[in-house]
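Q: Below are the C-alpha cells for one structure; questions will follow.
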Amino acid sequence: MKSKIEFWDDFFKGSRLACARLITKVENAPALVPEIRDRIIPCLRGAVRIGITGPPGVGKSTVTASLAGLAVKAGRKIGIIAVDPSSPFTGGAFLGDRVRMQNLIGNPNVFIRSQASREGHGGLSPTTPYVADILDAFGFERILIETVGVGQAELDVLGCADLVVLVLQPGTGDVIQALKAGIIEVADLILVNKADMPGLESLLDALKFLFDMNARPKAKPIPPILTASALNDQGIDELQAELEKLIEGQASSGFLKQKKLARLEGEIKAAIQNEIWEKFRAAAGPEADIAEAAKRLDDDGRSPYDYIRDLGRRVSLKFTTENPHGEHRP
Amino acid sequence: MADPIIKVIIAKPGLDGHDRGAKVVARALVEAGMEVVYLGLRQTPEAIVHAAVEEDVDVIGLSILSGAHMTHFRKVKELMDKEGLGDRLLTGGGIIPTKDQAKLAEAGIGRLFGPGDDLQTIIDYIRDWHRSHPR
Amino acid sequence: MANTDPKKTWEPKFGRSELRDADFTSISGRPLRPLYTADDLAGLDGDDVLGFPGEYPYTRGVHPSMYRGKLWTMRQFSGMGTAEQTNARYKFLLEKGQTGLSVAFDNPTLYGRDSDHALSVGEVGKTGVAVDTLADMERLFDGIPLGRVSTSMTINAPAAWIFAMFLANAEKQGAPFAGLRGTLQNDILKEYIAQKEWIFPPLPHLRLITDLMAFCAGHVPQWNTISVSGYHIREAGSTAAQELAFTLADGFEYVERAVAAGMDVDDFAPRLSFFFNAHMDFFEEIAKMRAARRIWARRLKDKYKAKSPRSWLCRFHVQTAGCSLTAQQPELNIVRTALEALSGVLGGCQSLHTNSMDEALALPSEKAVEIALRTQQIIAHESGVPHVIDPLGGSYYVEKLTAELEEEAERIFHKIDELGGVVPAIEQGFFQREITRAAYEYQMALFRKRKVIVGVNDFRNAEETLEIPILEIDESVERDQVRALHEVKARRDNGAVRRSLAALTKAAATPENLMPRLLDCARVYATLGETSDALTVAFGEYMEKPIF
C-alpha cells in the first residue's frame, strides 16, 4: 500500500519536526494510525514509560522537569508528554505545562509534547500510548508521561506506563482522594512533593497506616515513599535513584515485558472492536443510526433490545437476553 | 470529518511583563475550541520556535508591548523558515505602529492586533487563515 | 402630617419610567442605584469618618489647605535611548523650571539584565534609559547637582543596586547622602501580582527592601523608599476595589516586614507613598482614592500603633489609565485622559502624570506629551476645580461609594489573611487569578457591548485614517550602549569587581544589611547584570505558575 505520510525518511533521519508532525497525524487523522503503527512498532527500542500522576497543583510539571533535567545530565534522551484537559464544552484546551519546563527548552536530548486529553477521560489522551511509541522509536530512552491533574481516576496511565509515580503534597487531604480513586493501589512510587509545607508528618503517617492496613493487592510490594521539594531541586536525586532501581527490578523480573504485552493485547482488542463496529454499522445500513434510534425508542418509551436483536439478525450476530450488552461496555 | 483542532502557541518574547493581553487572548482561543500552548513570559525567539517545532502548531502568536516588535517578529519568522515552519502563521499583538505592521507584513508576518481589537476578530482571523491553509 | 416623604413619591415614578437598555454598573461591574439620597450618608459624615482635610482619618485630603496651598506636582515620567539623550532632556526640563526628575528605565534594566544579555536584544533604550553601570549613572546625571533636585526612579526588582549606583554617583559629585531627595518605586509585591518584573523569590526581594529602608532611615533620611503601586495592578485588569485592596495590603506587608526587621514604624512609615491608577469610571476612582486615605490612616494608627500623624498619611501619585487608551481615533484619548486626570485631582492626589494620546500606538511624541501636560494645566488654572478642597465631600453618592470600596477592601484583606498573608497568596496565585478573571470579564462585557468604548466596539469610524505623528527610536542606541558597556568592562579593575561580587554573594547568605555591599559593587563598576547574578547565586530565581 502506498504511504500516505511523505515524511518517513525525515523521521528516521532524526528530524524533530517530522517526529512532531507524526504525533499530530496520530492525534488528528485516525485513518493513518494503522500505517503509523506498522512503521513504528518494529522500530521500538524499549524506552521505559514513567507515568507521573496526582491531584492538581501538587507540582507534577516541576517534578517532571526536574527528573528530566537529571536524566539529561546523566546522558539520557528524554521524551515528555504533558497532558492537559480539553474543555468538554468547547473542545479547546489550555496547555500550560511548558512554563514549568523552561530549563529544558532547546536541549537536543529532550522532546516535550503537550497534548490535550480530547476524548480521553482517564487523565490521558486516547493517543498518548501511540505518542509514547513514536518518541520511543525516535530514540528517547525514558518517556515521562504527565497526566491531567483531575484528582481521581487517572487510571489510563496504568495501561500506558511501565511505572507510575504518584505525587502528593502535605496539608490537602489528597490521600483520601487518591485512595477513593484507587490510585494508591497502583502507584509504584509515592512522592510527597512540597515537603517543606506544614502537614508532612501527618501525611506520611496516613500513608504508613494505609499500607499497614494492607490496602493493596498482596502480590504488589509496598511502594517506596519519598519526599521532595521539586521547586528547590531537593529530593529529586533520590527519586531518580529509586526509579532506576525499580526499573532495574522490573526489567529483570520480566514485568516490563509483561506490561508491553498487555499494551499490545489491549491495542489488538480495541482495534478489533473498532473494526467490527465499523463493519457492523456498514452491514446494518441506515438502520444503524444509533442516535436516531435512541431518540425514537425514548419517544416511545421502549426498551432497546428488540431493536438490537433486529439489527443483530441483519448481520447475523446473536444478541441474547443472557448477554444483552454484547461486546460493548455500558 | 470536522475541521481538525487548531493548535496555537502564545508567547511573550523579550523582557516586558505585561501579560494581560496574552492571557485574555489565550483564554478566548481556548473558549473558541483551540488548543493553546502557553509559553509565558521572557521567551527567546529560539525557545519559541523550538517549542513550535515540537508542538507542531498551526499558529504562533506573540505579544509584545516593549517596542521591540521589529526585532522579535523578524527573528521568529526567520527561525520559523529555517526550521521548516514557513507554512505556519505568525501573528500577534501589542503596541505596534501601522507603519511597522506594514513592514512586518512584507516580511511574511500575518495580521497584528492592537488594544481595542476585539477577540472575535482575532478568532475569526485565525480560523479563516487555518481554513485557507490546509496542511 | 400631610407632607409625604418625597422619596416615597419619587420611587414609584422612577419604577414606572422607561429606562435605556444599558448596563448601569461601574466599570468594575459594581451595581449602582439610580439615585443616592441623604439616607445613604447615615453614619458616613461624622468627624471619625469624613473629618477635615489634614485631619484624621484624612478622607478629605492629607493637607489642611490642599491645592489652595500647593497644586499637585505635574510629574511626567520620561526617559529613552541613551543616558546622554536622557541627560539632555533633563537639562532642558530643569531650565524650564522643573525641580524634579523622573527616570524611566528600559526593560533590560528593569529586569536587572545588562544590555548585552541574550534577552535584551531589541529592547535596549526602547521604553526608557539603559543603565548597566555607574558610568551610565554618571552620564545620566552629568552636570545635574543631585543634592539640589529631587529624583524619582521607577525601578523595582533591582532597585537596591540601581540605588547603590545612584548613591555612588552622588558620592563622586560630592553630594552628602543626607541631603538627597527622591523616590524609588521599589515595590516588588505588585511585580508578582501584576507587572511580572522580578528576579528572585519574594522573601529575598523583601529582605532587600527592608535592608534599603533601614539604610535610608540611617543615612538617606529624606528618601522615599517605596511607592506602593496599584497602577500596574489596575493595568493588568483588576477592578477598582482590587486595586485599592491589593495595593494597601502590599503596603501593610512592607510595614510588617520592616517592623519585624526591628525598625520603629514611625521611622519609616512617613517615607512610604502610593501610586494609583485613574481609570474611566469617574466617581468610582475618586471614591477609591478617598477610601485609600481612610483605610491607611486607620490601620497605621490602630493596628500598627504609629504615633506620628505623618505615618498615617496615604500620599499618592496618580497616573491616568494607559489601558483605557485606544488605537482607534487616538485624539479621543485626550478627552479620556482629561476626565481621568480630573478624577485624580478630585481624589486629592499629590502628583499626577497624564498619558499622551498616542500611547496605544507607540512611545509618545513630543506634541502628544505637551498636550498631556497642558491638560493638567487647564484643570489647575482654568477649571476652578482646585479652589475648593474635596468638592465632592458630602455627596450622597461619593460618600456611599467611598464606604462601599472600604468595605470591599476589608473583605479582601480578610481573604488574604485567610490565605496566610500576601506572600502565600502570591505563591498560591490568588491575586493573579482574581485579576485575570476580572480582565476577562471586562473583555467579555466589551465583546457583548454591555460596556462601550467609543470608536472601538461602538460608534466606530469606518474611514479612519491615522494622522498623528509617531515617535521612532533609533536602532543604533542598542549598539552604542553595548559598546559603552564593553568599554567600561575593559577599563575597570576586574579583580576588584570579582572581589566585591564574591563578598556580596557571601553576605547575602547572612542577615547583614546588603546596602553597603551593593555600594561597594557599584563603586568599582560592577554591572547591573553581574550584581543580579551574584545575588541569584544566594537567592535563586523565581518562576511563576501560569494562572488563568
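A note on labels: chains of the C-alpha cells are A, B, ... as shown, every chain counts residues from 1, and ligands are counted from 1 in their shown order.
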Write out, as a tab-separated table, each residue of chain B that has an atom at most 8 Å from chain C, together with the closest pair of atoms and their distance in Å to one decimal, counting only C-alpha atoms, rows going by chain and rising number.
A:
```
residue	atom	partner	partner_atom	distance
B:Gly14	CA	C:Leu119	CA	5.6
B:Leu15	CA	C:Asn107	CA	5.7
B:Asp16	CA	C:Asn107	CA	6.1
B:Gly17	CA	C:Lys196	CA	4.8
B:His18	CA	C:Gln195	CA	5.9
B:Asp19	CA	C:Ala236	CA	7.6
B:Arg20	CA	C:Ala236	CA	5.4
B:Lys23	CA	C:Phe548	CA	7.0
B:Val24	CA	C:Tyr440	CA	5.9
B:Arg27	CA	C:Phe548	CA	7.5
B:Gly40	CA	C:Pro546	CA	7.2
B:Arg42	CA	C:Leu119	CA	7.4
B:Gln43	CA	C:Leu119	CA	7.7
B:Thr44	CA	C:Leu119	CA	6.3
B:Ser66	CA	C:Thr127	CA	6.5
B:Gly67	CA	C:Lys126	CA	6.0
B:Ala68	CA	C:Gly122	CA	4.9
B:His69	CA	C:Gly122	CA	7.8
B:Met70	CA	C:Gly122	CA	7.8
B:Thr71	CA	C:Gly122	CA	5.4
B:His72	CA	C:Gly122	CA	7.2
B:Ile95	CA	C:Leu361	CA	5.2
B:Ile96	CA	C:Leu361	CA	5.9
B:Pro97	CA	C:Leu361	CA	5.3
B:Gly114	CA	C:Ala327	CA	7.0
B:Pro115	CA	C:Thr326	CA	6.2
B:Gly116	CA	C:Val456	CA	5.8
B:Asp117	CA	C:Val456	CA	7.4
B:Asp118	CA	C:Phe447	CA	6.7
B:Leu119	CA	C:Phe447	CA	7.4
B:Gln120	CA	C:Phe447	CA	7.9
```
Q: Using only C-alpha atoms, I'd like every residue of chain B that has an atom within 7 Å of chain A; please write them out as a list in words.
A: Pro4, Val30, Glu31, Ala32, Gly33, Met34, Glu35, Val36, Val37, Tyr38, Leu39, Gly40, Ala47, His50, Val53, Glu54, Glu55 and Asp56 of chain B
Q: Only C-alpha atoms, please: the residues just picked out, written as a short mmCIF file (atom, residue, chain, number, x, y, z; two decimals), in the first residue's frame.
A:
```
data_model
loop_
_atom_site.label_atom_id
_atom_site.label_comp_id
_atom_site.auth_asym_id
_atom_site.auth_seq_id
_atom_site.Cartn_x
_atom_site.Cartn_y
_atom_site.Cartn_z
CA PRO B 4 -9.03 19.45 12.85
CA VAL B 30 -9.40 28.05 24.19
CA GLU B 31 -13.05 29.01 24.50
CA ALA B 32 -13.21 29.13 20.73
CA GLY B 33 -12.17 25.47 20.70
CA MET B 34 -8.46 25.78 20.02
CA GLU B 35 -5.61 24.06 21.80
CA VAL B 36 -3.32 26.73 23.17
CA VAL B 37 0.23 26.05 24.29
CA TYR B 38 1.12 28.90 26.64
CA LEU B 39 4.84 29.58 26.93
CA GLY B 40 4.62 32.60 29.19
CA ALA B 47 12.91 28.90 22.52
CA HIS B 50 11.91 25.23 19.28
CA VAL B 53 8.52 22.59 16.22
CA GLU B 54 7.90 20.06 18.99
CA GLU B 55 4.28 21.05 19.32
CA ASP B 56 3.79 21.20 15.54
#
```
Q: Run DSSP on the backbone and tell me which residues of chain B come out as strand (DSSP E or B); list them as an MDAnalysis selection string.
A: chainID B and resid 7:13 35:43 59:64 89:94 112:113
Q: Name all residues at most 6 Å from segment 252-269 of chain C (count only C-alpha atoms; drop same-chain ones fewer than 6 positions away) and give them as an NGL selection string.
A: :C and (210 or 306 or 311)
Q: Take the residues just selected and output them with C-alpha atoms as a short mmCIF file (atom, residue, chain, number, x, y, z; two decimals), in the first residue's frame.
A:
```cif
data_model
loop_
_atom_site.label_atom_id
_atom_site.label_comp_id
_atom_site.auth_asym_id
_atom_site.auth_seq_id
_atom_site.Cartn_x
_atom_site.Cartn_y
_atom_site.Cartn_z
CA THR C 210 13.91 46.17 54.33
CA ALA C 306 2.08 54.57 64.62
CA SER C 311 2.90 57.89 59.40
#
```
Q: Could you tell me how far atom CA of Lys506 of chain C lies from atom CA of Trp161 of chain C, in Å and to one decimal?
A: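 Computed distance, atom CA of Lys506 of chain C to atom CA of Trp161 of chain C, equals 16.1 Å.
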Q: If DSSP is run on the backbone, what residues of segment 223-278 of chain A are alpha helix (DSSP H)? A reply as a count of residues only would be ideal.
A: 41
Q: Kindly indicate which residue among A:Ile247, A:Val72, A:Leu231, A:Leu166 lies nearest to chain C, using only C-alpha atoms for the distances.
A: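 Between A:Ile247, A:Val72, A:Leu231, A:Leu166, the residue approaching chain C most closely is A:Leu231.
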Q: Between atom CA of Gly29 of chain C and atom CA of Lys8 of chain C, what is the distance, to one decimal in Å?
A: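 One can read the atom CA of Gly29 of chain C to atom CA of Lys8 of chain C distance as 27.9 Å.
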Q: What's around segment 212-228 of chain C at 8 Å? Count only C-alpha atoms, leave out sequence neighbours fewer than 4 positions away in its own chain, and write the answer as a ChimeraX atom specification.
A: /C:160,177-187,190,208,247-248,250-251,258,263,267-268,271-275,513,515
Q: With N, CA and C atoms kept, could you save the residues just selected as a tab-separated table (two decimals), in the first residue's frame?
A:
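For reference, selection.tsv as written:
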```tsv
chain	number	residue	atom	x	y	z
C	160	ALA	N	17.56	48.11	44.68
C	160	ALA	CA	18.62	48.33	45.66
C	160	ALA	C	19.96	48.58	44.99
C	177	PHE	N	24.79	62.11	51.37
C	177	PHE	CA	23.59	61.28	51.32
C	177	PHE	C	22.42	61.94	52.05
C	178	ALA	N	22.74	62.61	53.17
C	178	ALA	CA	21.67	63.15	54.00
C	178	ALA	C	20.85	64.21	53.26
C	179	GLY	N	21.45	64.81	52.24
C	179	GLY	CA	20.73	65.87	51.53
C	179	GLY	C	19.98	65.37	50.30
C	180	LEU	N	20.12	64.07	49.97
C	180	LEU	CA	19.49	63.57	48.74
C	180	LEU	C	17.98	63.42	48.93
C	181	ARG	N	17.25	63.84	47.89
C	181	ARG	CA	15.80	63.70	47.94
C	181	ARG	C	15.31	62.97	46.70
C	182	GLY	N	14.30	62.15	46.88
C	182	GLY	CA	13.76	61.45	45.72
C	182	GLY	C	12.94	60.25	46.14
C	183	THR	N	12.55	59.47	45.15
C	183	THR	CA	11.67	58.33	45.38
C	183	THR	C	12.13	57.14	44.56
C	184	LEU	N	12.07	55.97	45.17
C	184	LEU	CA	12.23	54.73	44.40
C	184	LEU	C	10.86	54.06	44.37
C	185	GLN	N	10.52	53.44	43.26
C	185	GLN	CA	9.25	52.69	43.28
C	185	GLN	C	9.42	51.47	44.19
C	186	ASN	N	10.41	50.64	43.92
C	186	ASN	CA	10.85	49.61	44.87
C	186	ASN	C	9.72	48.75	45.44
C	187	ASP	N	8.68	48.52	44.66
C	187	ASP	CA	7.52	47.78	45.15
C	187	ASP	C	7.49	46.41	44.47
C	190	LYS	N	3.84	44.10	43.97
C	190	LYS	CA	2.97	44.25	42.81
C	190	LYS	C	3.59	43.65	41.54
C	208	LEU	N	15.76	42.56	50.69
C	208	LEU	CA	16.50	43.68	50.10
C	208	LEU	C	15.77	45.00	50.35
C	247	THR	N	-3.20	46.88	46.77
C	247	THR	CA	-2.13	47.87	46.98
C	247	THR	C	-1.92	48.13	48.47
C	248	LEU	N	-3.02	48.37	49.17
C	248	LEU	CA	-2.87	48.65	50.60
C	248	LEU	C	-2.37	47.41	51.33
C	250	ASP	N	-0.33	45.28	50.17
C	250	ASP	CA	1.12	45.30	49.93
C	250	ASP	C	1.78	46.28	50.90
C	251	GLY	N	1.17	47.44	51.06
C	251	GLY	CA	1.70	48.44	51.98
C	251	GLY	C	1.80	47.90	53.40
C	258	ALA	N	9.15	45.50	57.88
C	258	ALA	CA	10.12	46.44	58.44
C	258	ALA	C	10.08	46.38	59.96
C	263	MET	N	12.64	47.76	62.92
C	263	MET	CA	12.50	49.21	62.78
C	263	MET	C	11.26	49.72	63.52
C	267	ASP	N	9.68	55.53	62.12
C	267	ASP	CA	10.94	55.85	61.44
C	267	ASP	C	10.85	55.67	59.93
C	268	PHE	N	9.95	54.81	59.49
C	268	PHE	CA	9.93	54.55	58.05
C	268	PHE	C	8.58	54.83	57.38
C	271	ARG	N	7.91	57.63	55.03
C	271	ARG	CA	8.64	57.58	53.76
C	271	ARG	C	7.99	56.62	52.76
C	272	LEU	N	6.84	56.07	53.12
C	272	LEU	CA	6.11	55.23	52.17
C	272	LEU	C	5.10	56.12	51.46
C	273	SER	N	4.99	55.93	50.13
C	273	SER	CA	3.95	56.66	49.41
C	273	SER	C	3.26	55.68	48.47
C	274	PHE	N	2.24	56.15	47.79
C	274	PHE	CA	1.43	55.25	46.97
C	274	PHE	C	1.29	55.78	45.55
C	275	PHE	N	0.82	54.90	44.70
C	275	PHE	CA	0.71	55.23	43.28
C	275	PHE	C	-0.55	54.54	42.74
C	513	ASN	N	22.97	43.76	56.56
C	513	ASN	CA	22.37	44.69	55.61
C	513	ASN	C	23.23	44.73	54.35
C	515	MET	N	23.09	46.77	51.74
C	515	MET	CA	23.31	48.04	51.04
C	515	MET	C	24.79	48.44	50.95
```
Q: Find the spatial neighbours of Lys75 of chain B, counting only C-alpha atoms, within a cut-off of 9 Å - ignore same-chain residues fewer than 5 positions away - and output them as a VMD selection string.
A: chain B and resid 45 to 46 70 80
Q: Just to be explicit: take each residue in the selection above, keep C-alpha atoms, and write the result as a PDB file, in the first residue's frame.
A:
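Generated output (out.pdb):
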```
ATOM      1  CA  PRO B  45      12.865  33.634  19.661  1.00  0.00           C
ATOM      2  CA  GLU B  46      14.912  30.413  19.651  1.00  0.00           C
ATOM      3  CA  MET B  70      10.540  44.684  14.747  1.00  0.00           C
ATOM      4  CA  MET B  80      10.451  29.509  11.518  1.00  0.00           C
TER       5      MET B  80
END
```
Q: For atom CA of Ile334 of chain C and atom CA of His387 of chain C, quote the distance in Å rounded to one decimal.
A: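 Atom CA of Ile334 of chain C sits 23.5 Å away from atom CA of His387 of chain C.
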Q: So that I can see what lies close to segment 339-347 of chain C, please list as a PyMOL selection string the residues with an atom at most 8 Å from it, counting only C-alpha atoms and leaving out residues fewer than 3 positions away in the same chain.
A: chain C and resi 72+278-280+282-283+285-290+318-321+335-336+352+354+376+379+385-386+390-392
Q: Using only C-alpha atoms, find the one residue out of B:Leu62, B:Val8, B:Val25, B:Leu89 that sits nearest to His133 of chain B.
A: B:Leu89
Q: Which residue gives the smallest distance to Asp205 of chain A among A:Pro286, A:Pro221, A:Pro129, A:Pro170, with only C-alpha atoms counted?
A: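 Checking each candidate against Asp205 of chain A, we get A:Pro170 as the closest.
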Q: I'd like the neighbourhood of Leu243 of chain A as a list in words, where a residue qualifies if any of its atoms comes within 9 Å (using only C-alpha atoms), though same-chain residues fewer than 5 positions away should be ignored.
A: Ile50, Leu163, Val165, Leu189, Glu238 and Glu248 of chain A
Q: Would you write out those residues with N, CA and C atoms, as a PDB file, in the first residue's frame?
A:
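See selection.pdb below for the written result:
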```pdb
ATOM      1  N   ILE A  50       7.350   6.290  32.135  1.00  0.00           N
ATOM      2  CA  ILE A  50       7.090   6.601  33.544  1.00  0.00           C
ATOM      3  C   ILE A  50       5.912   7.562  33.633  1.00  0.00           C
ATOM      4  N   LEU A 163       5.777   2.334  34.845  1.00  0.00           N
ATOM      5  CA  LEU A 163       5.908   2.678  36.257  1.00  0.00           C
ATOM      6  C   LEU A 163       5.046   3.879  36.528  1.00  0.00           C
ATOM      7  N   VAL A 165       4.405   7.031  39.118  1.00  0.00           N
ATOM      8  CA  VAL A 165       4.781   7.826  40.286  1.00  0.00           C
ATOM      9  C   VAL A 165       3.558   8.649  40.683  1.00  0.00           C
ATOM     10  N   LEU A 189       5.522   4.157  43.120  1.00  0.00           N
ATOM     11  CA  LEU A 189       6.337   5.012  43.977  1.00  0.00           C
ATOM     12  C   LEU A 189       5.476   6.199  44.371  1.00  0.00           C
ATOM     13  N   GLU A 238      17.289  11.510  44.843  1.00  0.00           N
ATOM     14  CA  GLU A 238      16.831  10.276  45.489  1.00  0.00           C
ATOM     15  C   GLU A 238      15.699   9.643  44.671  1.00  0.00           C
ATOM     16  N   GLU A 248      15.228  -1.284  37.058  1.00  0.00           N
ATOM     17  CA  GLU A 248      16.140  -2.423  37.053  1.00  0.00           C
ATOM     18  C   GLU A 248      15.404  -3.695  37.480  1.00  0.00           C
TER      19      GLU A 248
END
```
